[in-house]
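Q: Structure provided below as C-alpha cells; questions to follow.
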Amino acid sequence: MKKAVYRVYCFAEKCFCAVFFRRKEKSGWRNAYKRTMWKHCARIGKWWPEMKEEFVARMQEALPDYVGSRLRLAWNVWNFRFCALLLGANVNDWFSYHLYEKNWRDRRKAVTSMRIRFINKHLNDRGPRHLVDNKQEFAELWRDFFKRRSVALASEIKITEDEFVERFKGIKKLVIKPLKGTGGKDTYIIDANDLRTVYRRLREKNEDVIVEEYIQQTGFIHELNPSSLNTNRIITMRIDGEPEVVTSELRIGEPGSVVDNAHSGGMIIQIDMKTGKMVSGSDYKGRDIKELPGVGLPLYGTVIPDHEKILQFCIDAHRIAPYGLRMIGWDVCRSDDGLTMIEGNVCPGFANAAECYSDPWRNARSYMERFDELNRQIRIRAKQRKERIRQIDGTKDVDIYPDLCSWFKDKTGEEADLLNPKTYCQKIQWMKLYDSTPRKTLLADKYLVRDHVANTIGEKYLTKLYGVWDSFGEIDFDKLPDRFVLKTNHGCGYNLLVPNKAELDKEDARKKFEKWMNTDFSYVYGYEMHYRDIPRKIIAEEYLDLKGEGRIDYKITCIGGKVELIQFINRLEKMEIEVCVYDRDWKKLPFTFGHPMYEKEIKRPERLGEMIEIAEKLSSGFSLVRVDLYILKNDEIRFGELTFTPASGAQRWFWTETNRKLGEKIKLPEKYYLPGISYDFEKNIHKQAQ
C-alpha cells in the first residue's frame, strides 16, 4: 500500500515539475536549464531513499533542537525534497545555505550543486575541461603559477625510479593526491627521507596519483590551522573580454586534517571582494562561525593579507586558460615563494557568500545572459556574412578582409592582426589572403593531387581509384565494388563511407552530393580561398581497413618542410572524436585542440620513420601543410590529403603557449595577390598603423 501511495505521489510530483519547468524560450540558458531540471526531477525517485537516510542522520546530528518532534522531522524531510526537486539541492546544500531556516524567496537565491553543474556545462566547453580536472596537466599548463615540483604516476605515464628520485631530490615531505579526484579525498602527506621506497610503494598500489612537493604555508592564514593547507578559493569568469572575479572565500581545514575542503570537514569563510574583510562563515555541518577557530579572533572585519594581489594572481592565471574555459575556481595559498596555485576546478562551489550578494543565483544568471548575448551577436554576424557571400556574382573584386577578421574573432576570441601576425592561427589567416596560390589549389584537389603524390613518394601510397565523374547522375554503381568511399574533390568532410553497397540509400546520397557540388567550399568555413578554383568532381576510392578499434588516422603538421606535430585521431561511434598529440619522436604532448584527449597508451607506429619521411617530402616548399596518412591492418601506409589551412586556423588551442611557439616557427612567404579579391583594405591598415 505504501509503495502504491508513493508511486502516486511521485507521479503527481512529476506533473507539478512539468508545469513548473514548462518551456517558453526557444534557446538560451533558460530553456537548457529547464531541460536539465526536468531530467533531474524524473530521476530523483531512484536515489531518494539513500538521500533521505543521509539527510535524517545529518539533521539529527547537526540540528537536534531544530528537528524537534517526529512530525517536525517529517516536515523537514518533505521540505528538503521540495528543494531537491525545484532547486537541485543536495544534503550539503541544505546545510551550507541554511535552507532549513529560509523562506522560498531566499532559497531561490542559492546556487545549489545541480545549478553549479549546469553553469559549468553551459559556460565551459567540454574539450578543454580535462586541463583543469587532471592535476598533472594543470601543473604543466600553469607551471609559472604552480611553482613546485610534481610528477604523475599512472599506468600510461612511464617514469623510472631514478627519474623520480632526481625530481624530488632534497625534498623533505611529499603530498600524494588522486590524479583526477575532488573534495580532498585520499590526499595524504608522507616523509621523503627514502624516495626509492616511496616510489616502489606507490607503484605497488597501482593507483593514478600525482606526487607534489609539500608547501610550507606561512603567515596569518597558516596559524588558523597549522595541520592543513588553508587556501583562498577565487572564482573568475571570462565571457567577452578580460577575466572578472566573481567570488572570494577562505577555506580552513578541520583540526588534524591535511586538506581544507568542506567535504572533508573544513570551514568556508566568505570575503568581501571590495575590502578583503571576512564577512561570515560556516562549517561542514552548516553551523555559523562567530570567531576564527583556534585563534579567538573576531570573524567580522578581519582583513585577508594581500587580498588584492590574490585576486590579480587569479585573473592573470585565467588569461592563459583556453578560450573555452569561461569559469574556473582557483585555490591559492601563500608560501615562502609568494603566492602559489594549488589547483583549479571547472565546477567550483559558486557564490556561497550569500551575505556578500543580495542574490547569488541572479549574479550567476547575469554571466550566462552575457554569454548568450555574445552567442546571439555571433549568430547575427554569421548570418550577415552568409548574406554577403550570396551576393557575390564574380563581376567585381570581393573584399573578404573584414568578414575574415570578424569570423576569426568569433571562433577563437583572438584578433586576426594581419599586419603583424604572430600566432599559428593568425598566420593561417594571413596565408588565406596572401598565399592562396595556384599550386595550393592544384594540391588541395583530392583528384589532381594523386599525380603529385605518385611522382613524389610513389603510387604504392595511393588509395585505389574506381572512378571520376562530373555529377552524381553519371555514377554507374553496378561497376563499383561492394565497399567503397564516395567524396568530392573540392572541400573537407564531403565524403560518404559505403561499407555495404546493397544498403546504400542512393536518393539520400544524391541529395547530399548535389548540395556539395553546388557549394563553393572556399566560403564555407573561414574563407579558405585556395579551394575556390578547383574544378568540382566526384571520385570513388577503395574502402580502407584501418588498424585499431575505431577509424584512426594520423594528421602530421609540417612547418617549413619539417614535422612538428603528429595528431592521433580516433573517430568513435556517434561522431565522437578523441585526439592525442605527439612530437616527431612520439613523445606525448600535454595538450589537444578541439576534442577531448585520448587517454589510453598509444603504441608508437612501427613505420613512424617512414611516415615522417613521407610527410616531409610532400610538404617540401610550403610554409605550413598538414599531411593526412592512414595505417592499414596489414601495416601498409596510405595517403589521405594535403591540408594547407588546418581547421581554417580556428583551433581552440588548449595551450595558448603552443599557438604562439608554432607561430614563431612559420616563415611567411612572399605575398601572392589572388585575382578576384580586393586588397584595398591594406591602405586603411597602414593608415591606422601610422
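Just remember, in the C-alpha cells the first chain shown is A, the second B, etc., residues are 1-based per chain, and ligands are 1-based in the order shown.
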When you look at range 85-95 of chain A with a cut-off of 7 Å (counting only C-alpha atoms), what residues show up, excluding the ones that are within fewer than 4 positions of it in the same chain? I need them as a list in words.
A: Cys41, Phe55, Arg81, Leu99, Tyr100, Thr112, Ser113, Met114, Arg115, Lys285 and Gly286 of chain A
Q: Could you give me, as JSON, numbers by chain, the residues within 9 Å of Glu415 in chain A, counting only C-alpha atoms and dropping anything in the same chain fewer than 2 positions from it?
A: {"A": [405, 406, 408, 409, 412, 413, 417, 418, 426]}
Q: Calculated over only C-alpha atoms, which of the candidates A:Trp29, A:Phe472, A:Phe681, A:Tyr531 has the smallest distance to Asp508 in chain A?
A: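 Between A:Trp29, A:Phe472, A:Phe681, A:Tyr531, the residue approaching Asp508 in chain A most closely is A:Phe472.
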Q: Counting only C-alpha atoms, which of A:Phe591, A:Tyr466, A:Val579, A:Asp194 gets nearest to Glu542 in chain A?
A: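 Between A:Phe591, A:Tyr466, A:Val579, A:Asp194, the residue approaching Glu542 in chain A most closely is A:Tyr466.
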Q: For Leu480 in chain A, which residue among A:Leu642, A:Ile116, A:Met431, A:Ile539 is the nearest when counting only C-alpha atoms?
A: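 Closest to Leu480 in chain A of all the choices is A:Ile539.
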Q: Could you check how far CA of Glu140 in chain A sits from CA of Leu565 in chain A, in Å to one decimal?
A: 18.5 Å
Q: Could you give me, as a PyMOL selection string, the residues within 9 Å of Ala647 in chain A, counting only C-alpha atoms and dropping anything in the same chain fewer than 4 positions from it?
A: chain A and resi 525+643+651
Q: Hey, can you check how far CA of Ala364 in chain A sits from CA of Leu123 in chain A?
A: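 One can read the CA of Ala364 in chain A to CA of Leu123 in chain A distance as 10.7 Å.
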Q: Taking the DSSP assignment computed from this structure's backbone, write out as a VMD selection string all residues of range 398-521 of chain A that belong to helix (DSSP H, G or I).
A: chain A and resid 401 to 412 424 to 434 438 to 444 449 to 456 459 to 461 472 to 474 477 to 479 501 to 503 506 to 517 521
Q: Could you find all residues in range 563-634 of chain A that DSSP calls strand (DSSP E) from the backbone, and write them as a PyMOL selection string?
A: chain A and resi 563-571+577-582+624-631
Q: List every residue of range 114-134 of chain A that has an atom at most 7 Å from any atom of range 307-330 of chain A, giving for each one its closest atom pair and the distance in Å to one decimal, counting only C-alpha atoms, sorted by chain and then by ascending residue number, as a Markdown table.
A:
```
| residue | atom | partner | partner_atom | distance |
| --- | --- | --- | --- | --- |
| A:Leu123 | CA | A:Arg326 | CA | 5.8 |
| A:Asn124 | CA | A:Leu325 | CA | 4.8 |
| A:Asp125 | CA | A:Gly324 | CA | 5.0 |
| A:Pro128 | CA | A:Gly324 | CA | 6.8 |
```
Q: Could you list, with a cut-off of 9 Å and counting only C-alpha atoms, the residues of range 489-576 of chain A near range 663-679 of chain A, each shown with its nearest atom pair and the distance in Å rounded to one decimal, rows sorted by chain and ascending number, as a tab-separated table?
A:
```
residue	atom	partner	partner_atom	distance
A:Met529	CA	A:Leu674	CA	8.5
A:Ile559	CA	A:Ile666	CA	6.1
A:Gly560	CA	A:Ile666	CA	6.9
```
Q: I'd like the contact shell of range 438-449 of chain A - 9 Å cut-off, only C-alpha atoms, skipping same-chain residues fewer than 3 positions apart - returned as a list of chain:residue names.
A: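 The residues that qualify are A:Asp435, A:His452, A:Val453, A:Ala454, A:Val468, A:Lys487, A:Thr488, A:Asn489, A:His490, A:Gly491, A:Met529, A:His530, A:Tyr531, A:Arg532, A:Asp533, A:Ile534, A:Pro535, A:Arg536, A:Lys537, A:Ile538, A:Ile539, A:Gly640, A:Glu641, A:Leu642, A:Thr643, A:Phe644.
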